[in-house]
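Asks: First, the structure itself, so that you have it in front of you.
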Amino acid sequence: LGHAIPISGESFPITAFGVDRFYNKISTDTPNPGVLMNADAALFVHYNPSAGFTLNQGSTTISIAVFRSSATAKVYLNQTSVGSYAYSPTTSTVFAVNPGVATRLQLLVQGETTSPGSPTGKTGTPATPFTAGQTYTATVSATDPLYNLVTSAPQKVRLTVNDPYATQTNLTQDLFNGSTVFTLQFLTASASGWKVHVSTAFNTFLSDDESVLLPVIANTPTRVMVTVPGSHPAHT
């Protein structure tokens with residue numbers, strides 16, 4: 001690469017060469033052969049000016065940015081138009097892409113899965129409707145702006161829910177290797193749903209995250225409740 005280890009989302013140069021079997025550069029190939037660069041789709045690679053280009057006098061340099069951090073990134077080249085010579089497909093050496101600085105918290109409610117480098121940082125949807133009284137998981141992680149996990153972020157995070165009768169709220173836990181898993185439990189049925197909110201409790205500020213509305217249904221019927229004047233139902 002001829003470049004220090006890049007950070008996720010950072011542009012860096014990659015040069016493609018047309019060579020013989022002894023890796024001597026071929027600068028006399030005419031017309032200029034076309035090539036296409038690609039990579040694993042899970043890396044969310046962006047190419048500038050384009051993934052398709054020509055080898056001019058035997059080489060061309062383009063810029064790429066890899067949005068997902070990886071210790072085993074690589075790119076592939078295939079010839080798309082032939083000049084005087086035909087070149088076999090090739091694969092780059094493996095290179096690393098490091099996560100950036102932690103700037104945000106990411107909340108994943110049970111049913112969601114992290115997808116670093118993607119526009120939303122996750123796939124899937126919460127496994128709703130949840131059932132009142134049942135327990136579920138909420139994973140909180142410190143990430144860079146592109147949702148790559150930052151394992152070195154020493155944070156204490158706070159989780160709250162807006163279910164007025166929930167006891168599993170206003171909880172604080174330390175991140176371990178950048179993540180922690182909270183136990184969620186809602187007690188009040190709600191067709192519109194409740195939200196989960198996470199924020200940093202101490203140390204460096206990271207931006208908050210919040211769930212979508214999470215519908216909750218009633219648990220299995222087990223009792224008859226009686227109210228008298230001056231009382232109102234409470235959820236326990």
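By convention in this document, the chains of the structure tokens carry letters A, B, ... by their order, each chain's residues are numbered from 1, and ligands are numbered from 1 in the order they are shown.
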Can you tell me which residues surround region 7-22 of chain A at a distance of at most 9 Å, considering only C-alpha atoms, apart from same-chain residues fewer than 3 positions away, and format the answer as a tab-separated table (two decimals) with C-alpha atoms, in the first residue's frame?

Replies:
chain	number	residue	atom	x	y	z
A	1	LEU	CA	0.00	0.00	0.00
A	2	GLY	CA	2.86	2.41	0.68
A	3	HIS	CA	0.75	3.90	3.45
A	25	LYS	CA	5.91	-3.47	-15.28
A	26	ILE	CA	4.46	-3.51	-18.82
A	27	SER	CA	4.19	0.10	-20.00
A	29	ASP	CA	0.26	-2.20	-23.61
A	33	PRO	CA	-6.43	-2.17	-20.67
A	35	VAL	CA	-9.58	-3.20	-14.94
A	45	VAL	CA	-15.47	0.06	0.29
A	46	HIS	CA	-15.77	3.40	-1.56
A	47	TYR	CA	-13.65	4.03	-4.67
A	48	ASN	CA	-12.43	7.37	-6.03
A	55	LEU	CA	-3.90	1.15	-16.71
A	57	GLN	CA	1.42	3.18	-19.33
A	58	GLY	CA	1.19	0.13	-17.12
A	59	SER	CA	-0.18	1.50	-13.85
A	60	THR	CA	-2.86	3.63	-12.22
A	61	THR	CA	-3.38	4.84	-8.65
A	62	ILE	CA	-6.84	5.35	-7.21
A	63	SER	CA	-8.06	6.15	-3.71
A	64	ILE	CA	-10.28	3.87	-1.67
A	65	ALA	CA	-11.89	4.15	1.74
A	66	VAL	CA	-12.84	1.08	3.76
A	67	PHE	CA	-15.69	1.85	6.15
A	68	ARG	CA	-15.49	-1.37	8.19
A	69	SER	CA	-12.41	-1.96	10.31
A	70	SER	CA	-10.66	-5.26	9.62
A	77	LEU	CA	-8.51	-6.84	-9.62
A	87	TYR	CA	-3.76	-10.32	-17.46
A	96	ALA	CA	-5.45	-3.80	8.18
A	97	VAL	CA	-7.97	-1.01	8.63
A	98	ASN	CA	-8.22	0.32	12.18
A	99	PRO	CA	-11.33	1.78	13.82
A	100	GLY	CA	-11.39	5.51	14.40
A	117	GLY	CA	-19.43	0.42	8.26
A	144	ASP	CA	-16.31	5.28	15.92
A	145	PRO	CA	-18.49	7.41	13.59
A	146	LEU	CA	-18.91	4.41	11.25
A	148	ASN	CA	-16.81	0.13	14.32

Asks: Find the spatial neighbours of Val157 (chain A), counting only C-alpha atoms, within a cut-off of 8 Å - ignore same-chain residues fewer than 3 positions away - and output them as a VMD selection string.

Replies: chain A and resid 172 to 175 198 to 202

Asks: Based on DSSP run over this structure's backbone, return all residues of region 25-116 of chain A in strand (DSSP E or B), as an mmCIF file with all heavy atoms, in the first residue's frame.

Replies:
data_model
loop_
_atom_site.group_PDB
_atom_site.id
_atom_site.type_symbol
_atom_site.label_atom_id
_atom_site.label_comp_id
_atom_site.auth_asym_id
_atom_site.auth_seq_id
_atom_site.Cartn_x
_atom_site.Cartn_y
_atom_site.Cartn_z
ATOM 1 N N LYS A 25 6.999 -4.318 -14.811
ATOM 2 C CA LYS A 25 5.907 -3.473 -15.285
ATOM 3 C C LYS A 25 5.875 -3.435 -16.810
ATOM 4 O O LYS A 25 6.909 -3.274 -17.472
ATOM 5 C CB LYS A 25 6.076 -2.060 -14.727
ATOM 6 C CG LYS A 25 5.025 -1.057 -15.183
ATOM 7 C CD LYS A 25 5.303 0.315 -14.576
ATOM 8 C CE LYS A 25 4.384 1.381 -15.113
ATOM 9 N NZ LYS A 25 4.697 2.720 -14.566
ATOM 10 N N GLY A 34 -8.548 -2.055 -19.523
ATOM 11 C CA GLY A 34 -9.459 -1.692 -18.441
ATOM 12 C C GLY A 34 -9.435 -2.739 -17.342
ATOM 13 O O GLY A 34 -9.297 -3.934 -17.607
ATOM 14 N N VAL A 35 -9.550 -2.289 -16.082
ATOM 15 C CA VAL A 35 -9.584 -3.200 -14.943
ATOM 16 C C VAL A 35 -10.690 -2.757 -13.987
ATOM 17 O O VAL A 35 -11.135 -1.612 -14.003
ATOM 18 C CB VAL A 35 -8.232 -3.256 -14.187
ATOM 19 C CG1 VAL A 35 -7.147 -3.844 -15.062
ATOM 20 C CG2 VAL A 35 -7.837 -1.881 -13.689
ATOM 21 N N LEU A 36 -11.139 -3.690 -13.163
ATOM 22 C CA LEU A 36 -12.166 -3.425 -12.166
ATOM 23 C C LEU A 36 -11.663 -3.890 -10.816
ATOM 24 O O LEU A 36 -11.231 -5.032 -10.670
ATOM 25 C CB LEU A 36 -13.464 -4.147 -12.513
ATOM 26 C CG LEU A 36 -14.617 -3.977 -11.517
ATOM 27 C CD1 LEU A 36 -15.127 -2.529 -11.547
ATOM 28 C CD2 LEU A 36 -15.758 -4.943 -11.842
ATOM 29 N N MET A 37 -11.724 -2.992 -9.818
ATOM 30 C CA MET A 37 -11.333 -3.327 -8.457
ATOM 31 C C MET A 37 -12.580 -3.595 -7.630
ATOM 32 O O MET A 37 -13.592 -2.899 -7.764
ATOM 33 C CB MET A 37 -10.524 -2.177 -7.833
ATOM 34 C CG MET A 37 -9.998 -2.477 -6.440
ATOM 35 S SD MET A 37 -8.996 -1.105 -5.773
ATOM 36 C CE MET A 37 -7.577 -1.153 -6.878
ATOM 37 N N ASN A 38 -12.521 -4.619 -6.798
ATOM 38 C CA ASN A 38 -13.636 -4.882 -5.889
ATOM 39 C C ASN A 38 -13.117 -5.482 -4.600
ATOM 40 O O ASN A 38 -11.923 -5.796 -4.485
ATOM 41 C CB ASN A 38 -14.691 -5.780 -6.550
ATOM 42 C CG ASN A 38 -14.121 -7.116 -6.988
ATOM 43 O OD1 ASN A 38 -13.884 -7.999 -6.172
ATOM 44 N ND2 ASN A 38 -13.890 -7.278 -8.293
ATOM 45 N N ALA A 39 -14.006 -5.632 -3.650
ATOM 46 C CA ALA A 39 -13.645 -6.155 -2.330
ATOM 47 C C ALA A 39 -14.873 -6.803 -1.713
ATOM 48 O O ALA A 39 -15.986 -6.701 -2.252
ATOM 49 C CB ALA A 39 -13.117 -5.031 -1.439
ATOM 50 N N VAL A 45 -16.584 -0.683 0.889
ATOM 51 C CA VAL A 45 -15.472 0.062 0.286
ATOM 52 C C VAL A 45 -16.016 1.115 -0.687
ATOM 53 O O VAL A 45 -16.934 0.844 -1.470
ATOM 54 C CB VAL A 45 -14.511 -0.888 -0.453
ATOM 55 C CG1 VAL A 45 -13.381 -0.109 -1.115
ATOM 56 C CG2 VAL A 45 -13.942 -1.914 0.524
ATOM 57 N N HIS A 46 -15.447 2.323 -0.621
ATOM 58 C CA HIS A 46 -15.768 3.396 -1.555
ATOM 59 C C HIS A 46 -14.526 3.673 -2.405
ATOM 60 O O HIS A 46 -13.414 3.751 -1.875
ATOM 61 C CB HIS A 46 -16.190 4.651 -0.792
ATOM 62 C CG HIS A 46 -17.490 4.484 -0.070
ATOM 63 N ND1 HIS A 46 -18.581 5.277 -0.301
ATOM 64 C CD2 HIS A 46 -17.878 3.588 0.881
ATOM 65 C CE1 HIS A 46 -19.583 4.894 0.462
ATOM 66 N NE2 HIS A 46 -19.182 3.872 1.197
ATOM 67 N N TYR A 47 -14.741 3.850 -3.729
ATOM 68 C CA TYR A 47 -13.646 4.028 -4.672
ATOM 69 C C TYR A 47 -13.693 5.434 -5.266
ATOM 70 O O TYR A 47 -14.765 5.953 -5.580
ATOM 71 C CB TYR A 47 -13.747 3.003 -5.809
ATOM 72 C CG TYR A 47 -13.843 1.571 -5.341
ATOM 73 C CD1 TYR A 47 -15.086 0.997 -5.064
ATOM 74 C CD2 TYR A 47 -12.707 0.797 -5.163
ATOM 75 C CE1 TYR A 47 -15.181 -0.319 -4.629
ATOM 76 C CE2 TYR A 47 -12.787 -0.516 -4.735
ATOM 77 C CZ TYR A 47 -14.035 -1.071 -4.468
ATOM 78 O OH TYR A 47 -14.133 -2.370 -4.026
ATOM 79 N N ASN A 48 -12.517 6.034 -5.448
ATOM 80 C CA ASN A 48 -12.427 7.374 -6.027
ATOM 81 C C ASN A 48 -11.295 7.422 -7.054
ATOM 82 O O ASN A 48 -10.152 7.139 -6.701
ATOM 83 C CB ASN A 48 -12.184 8.405 -4.924
ATOM 84 C CG ASN A 48 -12.214 9.824 -5.453
ATOM 85 O OD1 ASN A 48 -12.844 10.108 -6.463
ATOM 86 N ND2 ASN A 48 -11.503 10.716 -4.771
ATOM 87 N N GLY A 52 -13.805 1.096 -11.579
ATOM 88 C CA GLY A 52 -13.337 0.713 -12.895
ATOM 89 C C GLY A 52 -12.427 1.784 -13.477
ATOM 90 O O GLY A 52 -12.738 2.976 -13.416
ATOM 91 N N PHE A 53 -11.280 1.391 -14.019
ATOM 92 C CA PHE A 53 -10.316 2.359 -14.550
ATOM 93 C C PHE A 53 -9.413 1.661 -15.552
ATOM 94 O O PHE A 53 -9.511 0.445 -15.767
ATOM 95 C CB PHE A 53 -9.493 2.991 -13.422
ATOM 96 C CG PHE A 53 -8.857 2.000 -12.479
ATOM 97 C CD1 PHE A 53 -7.573 1.509 -12.710
ATOM 98 C CD2 PHE A 53 -9.544 1.541 -11.362
ATOM 99 C CE1 PHE A 53 -6.993 0.592 -11.863
ATOM 100 C CE2 PHE A 53 -8.966 0.617 -10.500
ATOM 101 C CZ PHE A 53 -7.692 0.138 -10.745
ATOM 102 N N THR A 54 -8.545 2.431 -16.182
ATOM 103 C CA THR A 54 -7.593 1.860 -17.145
ATOM 104 C C THR A 54 -6.172 1.974 -16.605
ATOM 105 O O THR A 54 -5.876 2.851 -15.771
ATOM 106 C CB THR A 54 -7.667 2.579 -18.507
ATOM 107 O OG1 THR A 54 -7.393 3.971 -18.320
ATOM 108 C CG2 THR A 54 -9.035 2.399 -19.136
ATOM 109 N N ASN A 56 -2.744 3.171 -17.323
ATOM 110 C CA ASN A 56 -2.088 4.112 -18.231
ATOM 111 C C ASN A 56 -0.584 3.924 -18.169
ATOM 112 O O ASN A 56 0.028 4.124 -17.114
ATOM 113 C CB ASN A 56 -2.466 5.543 -17.856
ATOM 114 C CG ASN A 56 -3.964 5.768 -17.940
ATOM 115 O OD1 ASN A 56 -4.593 5.366 -18.919
ATOM 116 N ND2 ASN A 56 -4.549 6.373 -16.916
ATOM 117 N N SER A 59 0.237 1.391 -15.250
ATOM 118 C CA SER A 59 -0.181 1.501 -13.851
ATOM 119 C C SER A 59 -1.174 2.639 -13.668
ATOM 120 O O SER A 59 -1.230 3.561 -14.489
ATOM 121 C CB SER A 59 1.019 1.718 -12.937
ATOM 122 O OG SER A 59 1.617 2.980 -13.176
ATOM 123 N N THR A 60 -1.941 2.559 -12.608
ATOM 124 C CA THR A 60 -2.863 3.631 -12.216
ATOM 125 C C THR A 60 -3.034 3.576 -10.705
ATOM 126 O O THR A 60 -3.102 2.489 -10.116
ATOM 127 C CB THR A 60 -4.238 3.486 -12.899
ATOM 128 O OG1 THR A 60 -4.080 3.694 -14.297
ATOM 129 C CG2 THR A 60 -5.227 4.511 -12.368
ATOM 130 N N THR A 61 -3.119 4.743 -10.090
ATOM 131 C CA THR A 61 -3.376 4.837 -8.652
ATOM 132 C C THR A 61 -4.754 5.446 -8.425
ATOM 133 O O THR A 61 -5.088 6.481 -9.018
ATOM 134 C CB THR A 61 -2.317 5.705 -7.953
ATOM 135 O OG1 THR A 61 -1.029 5.112 -8.133
ATOM 136 C CG2 THR A 61 -2.605 5.832 -6.462
ATOM 137 N N ILE A 62 -5.558 4.783 -7.616
ATOM 138 C CA ILE A 62 -6.839 5.351 -7.206
ATOM 139 C C ILE A 62 -6.880 5.401 -5.687
ATOM 140 O O ILE A 62 -6.022 4.828 -5.005
ATOM 141 C CB ILE A 62 -8.037 4.547 -7.749
ATOM 142 C CG1 ILE A 62 -8.124 3.175 -7.065
ATOM 143 C CG2 ILE A 62 -7.967 4.406 -9.262
ATOM 144 C CD1 ILE A 62 -9.452 2.481 -7.308
ATOM 145 N N SER A 63 -7.875 6.091 -5.159
ATOM 146 C CA SER A 63 -8.062 6.151 -3.706
ATOM 147 C C SER A 63 -9.259 5.297 -3.314
ATOM 148 O O SER A 63 -10.266 5.262 -4.028
ATOM 149 C CB SER A 63 -8.299 7.596 -3.255
ATOM 150 O OG SER A 63 -7.148 8.376 -3.454
ATOM 151 N N ILE A 64 -9.131 4.607 -2.206
ATOM 152 C CA ILE A 64 -10.276 3.872 -1.668
ATOM 153 C C ILE A 64 -10.426 4.224 -0.196
ATOM 154 O O ILE A 64 -9.487 4.703 0.456
ATOM 155 C CB ILE A 64 -10.133 2.348 -1.851
ATOM 156 C CG1 ILE A 64 -9.112 1.758 -0.867
ATOM 157 C CG2 ILE A 64 -9.778 1.979 -3.282
ATOM 158 C CD1 ILE A 64 -9.151 0.224 -0.818
ATOM 159 N N ALA A 65 -11.622 4.003 0.307
ATOM 160 C CA ALA A 65 -11.895 4.152 1.738
ATOM 161 C C ALA A 65 -12.666 2.926 2.188
ATOM 162 O O ALA A 65 -13.670 2.553 1.562
ATOM 163 C CB ALA A 65 -12.702 5.420 2.017
ATOM 164 N N VAL A 66 -12.182 2.275 3.222
ATOM 165 C CA VAL A 66 -12.835 1.080 3.761
ATOM 166 C C VAL A 66 -13.566 1.497 5.025
ATOM 167 O O VAL A 66 -12.950 1.955 5.986
ATOM 168 C CB VAL A 66 -11.803 -0.022 4.060
ATOM 169 C CG1 VAL A 66 -12.490 -1.253 4.626
ATOM 170 C CG2 VAL A 66 -11.012 -0.377 2.802
ATOM 171 N N SER A 70 -10.965 -3.851 9.877
ATOM 172 C CA SER A 70 -10.665 -5.263 9.618
ATOM 173 C C SER A 70 -9.171 -5.494 9.741
ATOM 174 O O SER A 70 -8.372 -4.627 9.403
ATOM 175 C CB SER A 70 -11.133 -5.646 8.202
ATOM 176 O OG SER A 70 -10.711 -6.951 7.857
ATOM 177 N N ALA A 71 -8.817 -6.679 10.209
ATOM 178 C CA ALA A 71 -7.407 -7.070 10.230
ATOM 179 C C ALA A 71 -7.034 -7.835 8.978
ATOM 180 O O ALA A 71 -5.857 -8.137 8.755
ATOM 181 C CB ALA A 71 -7.118 -7.926 11.462
ATOM 182 N N THR A 72 -8.022 -8.154 8.126
ATOM 183 C CA THR A 72 -7.763 -9.021 6.972
ATOM 184 C C THR A 72 -8.410 -8.478 5.695
ATOM 185 O O THR A 72 -8.951 -9.235 4.892
ATOM 186 C CB THR A 72 -8.289 -10.446 7.245
ATOM 187 O OG1 THR A 72 -9.706 -10.362 7.540
ATOM 188 C CG2 THR A 72 -7.555 -11.087 8.407
ATOM 189 N N ALA A 73 -8.372 -7.164 5.510
ATOM 190 C CA ALA A 73 -8.946 -6.580 4.295
ATOM 191 C C ALA A 73 -8.070 -6.900 3.090
ATOM 192 O O ALA A 73 -6.850 -7.059 3.212
ATOM 193 C CB ALA A 73 -9.095 -5.071 4.455
ATOM 194 N N VAL A 75 -8.230 -6.386 -1.597
ATOM 195 C CA VAL A 75 -8.983 -6.010 -2.789
ATOM 196 C C VAL A 75 -8.610 -6.939 -3.931
ATOM 197 O O VAL A 75 -7.556 -7.582 -3.918
ATOM 198 C CB VAL A 75 -8.728 -4.537 -3.189
ATOM 199 C CG1 VAL A 75 -9.238 -3.587 -2.110
ATOM 200 C CG2 VAL A 75 -7.253 -4.290 -3.476
ATOM 201 N N TYR A 76 -9.490 -7.010 -4.916
ATOM 202 C CA TYR A 76 -9.324 -7.901 -6.055
ATOM 203 C C TYR A 76 -9.331 -7.075 -7.341
ATOM 204 O O TYR A 76 -10.029 -6.065 -7.447
ATOM 205 C CB TYR A 76 -10.453 -8.924 -6.104
ATOM 206 C CG TYR A 76 -10.719 -9.609 -4.790
ATOM 207 C CD1 TYR A 76 -11.734 -9.166 -3.945
ATOM 208 C CD2 TYR A 76 -9.956 -10.694 -4.383
ATOM 209 C CE1 TYR A 76 -11.986 -9.780 -2.728
ATOM 210 C CE2 TYR A 76 -10.196 -11.325 -3.171
ATOM 211 C CZ TYR A 76 -11.214 -10.856 -2.349
ATOM 212 O OH TYR A 76 -11.451 -11.472 -1.149
ATOM 213 N N LEU A 77 -8.565 -7.506 -8.327
ATOM 214 C CA LEU A 77 -8.513 -6.840 -9.622
ATOM 215 C C LEU A 77 -8.800 -7.845 -10.739
ATOM 216 O O LEU A 77 -8.245 -8.950 -10.742
ATOM 217 C CB LEU A 77 -7.142 -6.212 -9.867
ATOM 218 C CG LEU A 77 -6.874 -4.834 -9.249
ATOM 219 C CD1 LEU A 77 -5.435 -4.427 -9.514
ATOM 220 C CD2 LEU A 77 -7.823 -3.789 -9.812
ATOM 221 N N ASN A 78 -9.671 -7.432 -11.663
ATOM 222 C CA ASN A 78 -9.963 -8.242 -12.840
ATOM 223 C C ASN A 78 -9.876 -7.358 -14.080
ATOM 224 O O ASN A 78 -10.320 -6.198 -14.059
ATOM 225 C CB ASN A 78 -11.370 -8.835 -12.751
ATOM 226 C CG ASN A 78 -11.488 -9.901 -11.694
ATOM 227 O OD1 ASN A 78 -11.145 -11.048 -11.909
ATOM 228 N ND2 ASN A 78 -11.988 -9.504 -10.524
ATOM 229 N N GLN A 79 -9.317 -7.890 -15.138
ATOM 230 C CA GLN A 79 -9.251 -7.147 -16.380
ATOM 231 C C GLN A 79 -10.623 -7.154 -17.049
ATOM 232 O O GLN A 79 -11.291 -8.186 -17.128
ATOM 233 C CB GLN A 79 -8.207 -7.765 -17.314
ATOM 234 C CG GLN A 79 -7.946 -6.958 -18.572
ATOM 235 C CD GLN A 79 -6.784 -7.540 -19.376
ATOM 236 O OE1 GLN A 79 -6.313 -8.635 -19.108
ATOM 237 N NE2 GLN A 79 -6.318 -6.776 -20.366
ATOM 238 N N THR A 80 -11.065 -5.972 -17.515
ATOM 239 C CA THR A 80 -12.382 -5.862 -18.144
ATOM 240 C C THR A 80 -12.300 -5.586 -19.644
ATOM 241 O O THR A 80 -13.267 -5.804 -20.365
ATOM 242 C CB THR A 80 -13.207 -4.745 -17.473
ATOM 243 O OG1 THR A 80 -12.469 -3.518 -17.523
ATOM 244 C CG2 THR A 80 -13.503 -5.108 -16.020
ATOM 245 N N SER A 81 -11.171 -5.057 -20.114
ATOM 246 C CA SER A 81 -10.976 -4.876 -21.551
ATOM 247 C C SER A 81 -9.508 -5.132 -21.868
ATOM 248 O O SER A 81 -8.624 -4.787 -21.081
ATOM 249 C CB SER A 81 -11.392 -3.479 -22.006
ATOM 250 O OG SER A 81 -10.561 -2.478 -21.439
ATOM 251 N N THR A 90 -6.052 -10.873 -9.950
ATOM 252 C CA THR A 90 -5.089 -10.845 -8.849
ATOM 253 C C THR A 90 -5.749 -10.350 -7.572
ATOM 254 O O THR A 90 -6.815 -9.704 -7.611
ATOM 255 C CB THR A 90 -3.887 -9.951 -9.199
ATOM 256 O OG1 THR A 90 -2.858 -10.120 -8.213
ATOM 257 C CG2 THR A 90 -4.284 -8.478 -9.231
ATOM 258 N N THR A 91 -5.124 -10.675 -6.466
ATOM 259 C CA THR A 91 -5.603 -10.257 -5.142
ATOM 260 C C THR A 91 -4.469 -9.551 -4.419
ATOM 261 O O THR A 91 -3.326 -9.990 -4.473
ATOM 262 C CB THR A 91 -6.047 -11.481 -4.315
ATOM 263 O OG1 THR A 91 -7.081 -12.180 -5.021
ATOM 264 C CG2 THR A 91 -6.568 -11.061 -2.949
ATOM 265 N N PHE A 95 -4.312 -6.414 4.266
ATOM 266 C CA PHE A 95 -3.937 -5.210 4.998
ATOM 267 C C PHE A 95 -4.981 -4.911 6.070
ATOM 268 O O PHE A 95 -6.119 -5.397 6.019
ATOM 269 C CB PHE A 95 -3.781 -4.008 4.057
ATOM 270 C CG PHE A 95 -5.008 -3.660 3.263
ATOM 271 C CD1 PHE A 95 -5.905 -2.703 3.720
ATOM 272 C CD2 PHE A 95 -5.266 -4.276 2.041
ATOM 273 C CE1 PHE A 95 -7.035 -2.363 2.984
ATOM 274 C CE2 PHE A 95 -6.386 -3.936 1.295
ATOM 275 C CZ PHE A 95 -7.275 -2.988 1.768
ATOM 276 N N ALA A 96 -4.578 -4.134 7.052
ATOM 277 C CA ALA A 96 -5.453 -3.802 8.183
ATOM 278 C C ALA A 96 -6.102 -2.443 7.987
ATOM 279 O O ALA A 96 -5.535 -1.553 7.337
ATOM 280 C CB ALA A 96 -4.662 -3.815 9.490
ATOM 281 N N VAL A 97 -7.284 -2.298 8.531
ATOM 282 C CA VAL A 97 -7.969 -1.005 8.630
ATOM 283 C C VAL A 97 -8.414 -0.870 10.080
ATOM 284 O O VAL A 97 -9.178 -1.701 10.585
ATOM 285 C CB VAL A 97 -9.180 -0.931 7.687
ATOM 286 C CG1 VAL A 97 -9.897 0.407 7.855
ATOM 287 C CG2 VAL A 97 -8.760 -1.136 6.239
ATOM 288 N N ASN A 98 -7.916 0.147 10.761
ATOM 289 C CA ASN A 98 -8.216 0.322 12.180
ATOM 290 C C ASN A 98 -9.487 1.141 12.388
ATOM 291 O O ASN A 98 -9.816 1.998 11.566
ATOM 292 C CB ASN A 98 -7.054 1.026 12.886
ATOM 293 C CG ASN A 98 -5.843 0.136 13.042
ATOM 294 O OD1 ASN A 98 -5.948 -1.087 13.002
ATOM 295 N ND2 ASN A 98 -4.672 0.736 13.217
ATOM 296 N N ARG A 104 -19.381 7.657 19.712
ATOM 297 C CA ARG A 104 -20.801 7.431 19.932
ATOM 298 C C ARG A 104 -21.031 6.111 20.658
ATOM 299 O O ARG A 104 -20.166 5.232 20.684
ATOM 300 C CB ARG A 104 -21.541 7.400 18.591
ATOM 301 C CG ARG A 104 -21.190 6.204 17.732
ATOM 302 C CD ARG A 104 -21.544 6.364 16.260
ATOM 303 N NE ARG A 104 -22.859 6.911 16.030
ATOM 304 C CZ ARG A 104 -23.288 7.372 14.851
ATOM 305 N NH1 ARG A 104 -22.471 7.355 13.806
ATOM 306 N NH2 ARG A 104 -24.492 7.836 14.702
ATOM 307 N N LEU A 105 -22.209 5.991 21.248
ATOM 308 C CA LEU A 105 -22.684 4.717 21.768
ATOM 309 C C LEU A 105 -23.631 4.108 20.743
ATOM 310 O O LEU A 105 -24.397 4.820 20.083
ATOM 311 C CB LEU A 105 -23.426 4.900 23.089
ATOM 312 C CG LEU A 105 -22.595 5.349 24.288
ATOM 313 C CD1 LEU A 105 -23.488 5.571 25.498
ATOM 314 C CD2 LEU A 105 -21.504 4.329 24.623
ATOM 315 N N GLN A 106 -23.571 2.797 20.628
ATOM 316 C CA GLN A 106 -24.513 2.078 19.776
ATOM 317 C C GLN A 106 -25.348 1.146 20.645
ATOM 318 O O GLN A 106 -24.808 0.373 21.442
ATOM 319 C CB GLN A 106 -23.789 1.262 18.713
ATOM 320 C CG GLN A 106 -24.745 0.523 17.778
ATOM 321 C CD GLN A 106 -24.035 -0.425 16.837
ATOM 322 O OE1 GLN A 106 -23.184 -1.206 17.261
ATOM 323 N NE2 GLN A 106 -24.374 -0.379 15.562
ATOM 324 N N LEU A 107 -26.656 1.225 20.495
ATOM 325 C CA LEU A 107 -27.593 0.377 21.229
ATOM 326 C C LEU A 107 -28.177 -0.663 20.282
ATOM 327 O O LEU A 107 -28.721 -0.317 19.232
ATOM 328 C CB LEU A 107 -28.713 1.231 21.823
ATOM 329 C CG LEU A 107 -29.919 0.474 22.407
ATOM 330 C CD1 LEU A 107 -29.502 -0.373 23.608
ATOM 331 C CD2 LEU A 107 -31.024 1.456 22.778
ATOM 332 N N LEU A 108 -28.069 -1.932 20.659
ATOM 333 C CA LEU A 108 -28.668 -3.029 19.903
ATOM 334 C C LEU A 108 -29.644 -3.759 20.820
ATOM 335 O O LEU A 108 -29.234 -4.387 21.800
ATOM 336 C CB LEU A 108 -27.608 -3.998 19.398
ATOM 337 C CG LEU A 108 -26.563 -3.433 18.430
ATOM 338 C CD1 LEU A 108 -25.478 -4.473 18.171
ATOM 339 C CD2 LEU A 108 -27.204 -2.993 17.124
ATOM 340 N N VAL A 109 -30.919 -3.637 20.509
ATOM 341 C CA VAL A 109 -31.941 -4.355 21.267
ATOM 342 C C VAL A 109 -32.059 -5.761 20.695
ATOM 343 O O VAL A 109 -31.801 -5.979 19.498
ATOM 344 C CB VAL A 109 -33.286 -3.600 21.181
ATOM 345 C CG1 VAL A 109 -34.394 -4.371 21.890
ATOM 346 C CG2 VAL A 109 -33.136 -2.207 21.791
ATOM 347 N N GLU A 112 -31.589 -7.217 16.938
ATOM 348 C CA GLU A 112 -30.730 -6.420 16.079
ATOM 349 C C GLU A 112 -29.301 -6.949 16.141
ATOM 350 O O GLU A 112 -28.868 -7.459 17.170
ATOM 351 C CB GLU A 112 -30.752 -4.955 16.506
ATOM 352 C CG GLU A 112 -32.120 -4.303 16.375
ATOM 353 C CD GLU A 112 -32.133 -2.870 16.867
ATOM 354 O OE1 GLU A 112 -31.553 -2.609 17.947
ATOM 355 O OE2 GLU A 112 -32.733 -2.013 16.196
ATOM 356 N N THR A 113 -28.562 -6.788 15.041
ATOM 357 C CA THR A 113 -27.179 -7.252 14.945
ATOM 358 C C THR A 113 -26.312 -6.132 14.407
ATOM 359 O O THR A 113 -26.725 -5.394 13.499
ATOM 360 C CB THR A 113 -27.080 -8.463 13.999
ATOM 361 O OG1 THR A 113 -27.948 -9.501 14.465
ATOM 362 C CG2 THR A 113 -25.654 -8.998 13.941
ATOM 363 N N THR A 114 -25.119 -6.003 14.957
ATOM 364 C CA THR A 114 -24.225 -4.943 14.497
ATOM 365 C C THR A 114 -23.781 -5.181 13.060
ATOM 366 O O THR A 114 -23.588 -6.322 12.624
ATOM 367 C CB THR A 114 -23.000 -4.832 15.422
ATOM 368 O OG1 THR A 114 -22.205 -3.711 15.012
ATOM 369 C CG2 THR A 114 -22.146 -6.082 15.392
#

Asks: I'd like the interatomic distance between CA of Gly111 (chain A) and CA of Gly124 (chain A), to a tenth of an Å.

Replies: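 Computing it gives 6.1 Å between the two atoms.
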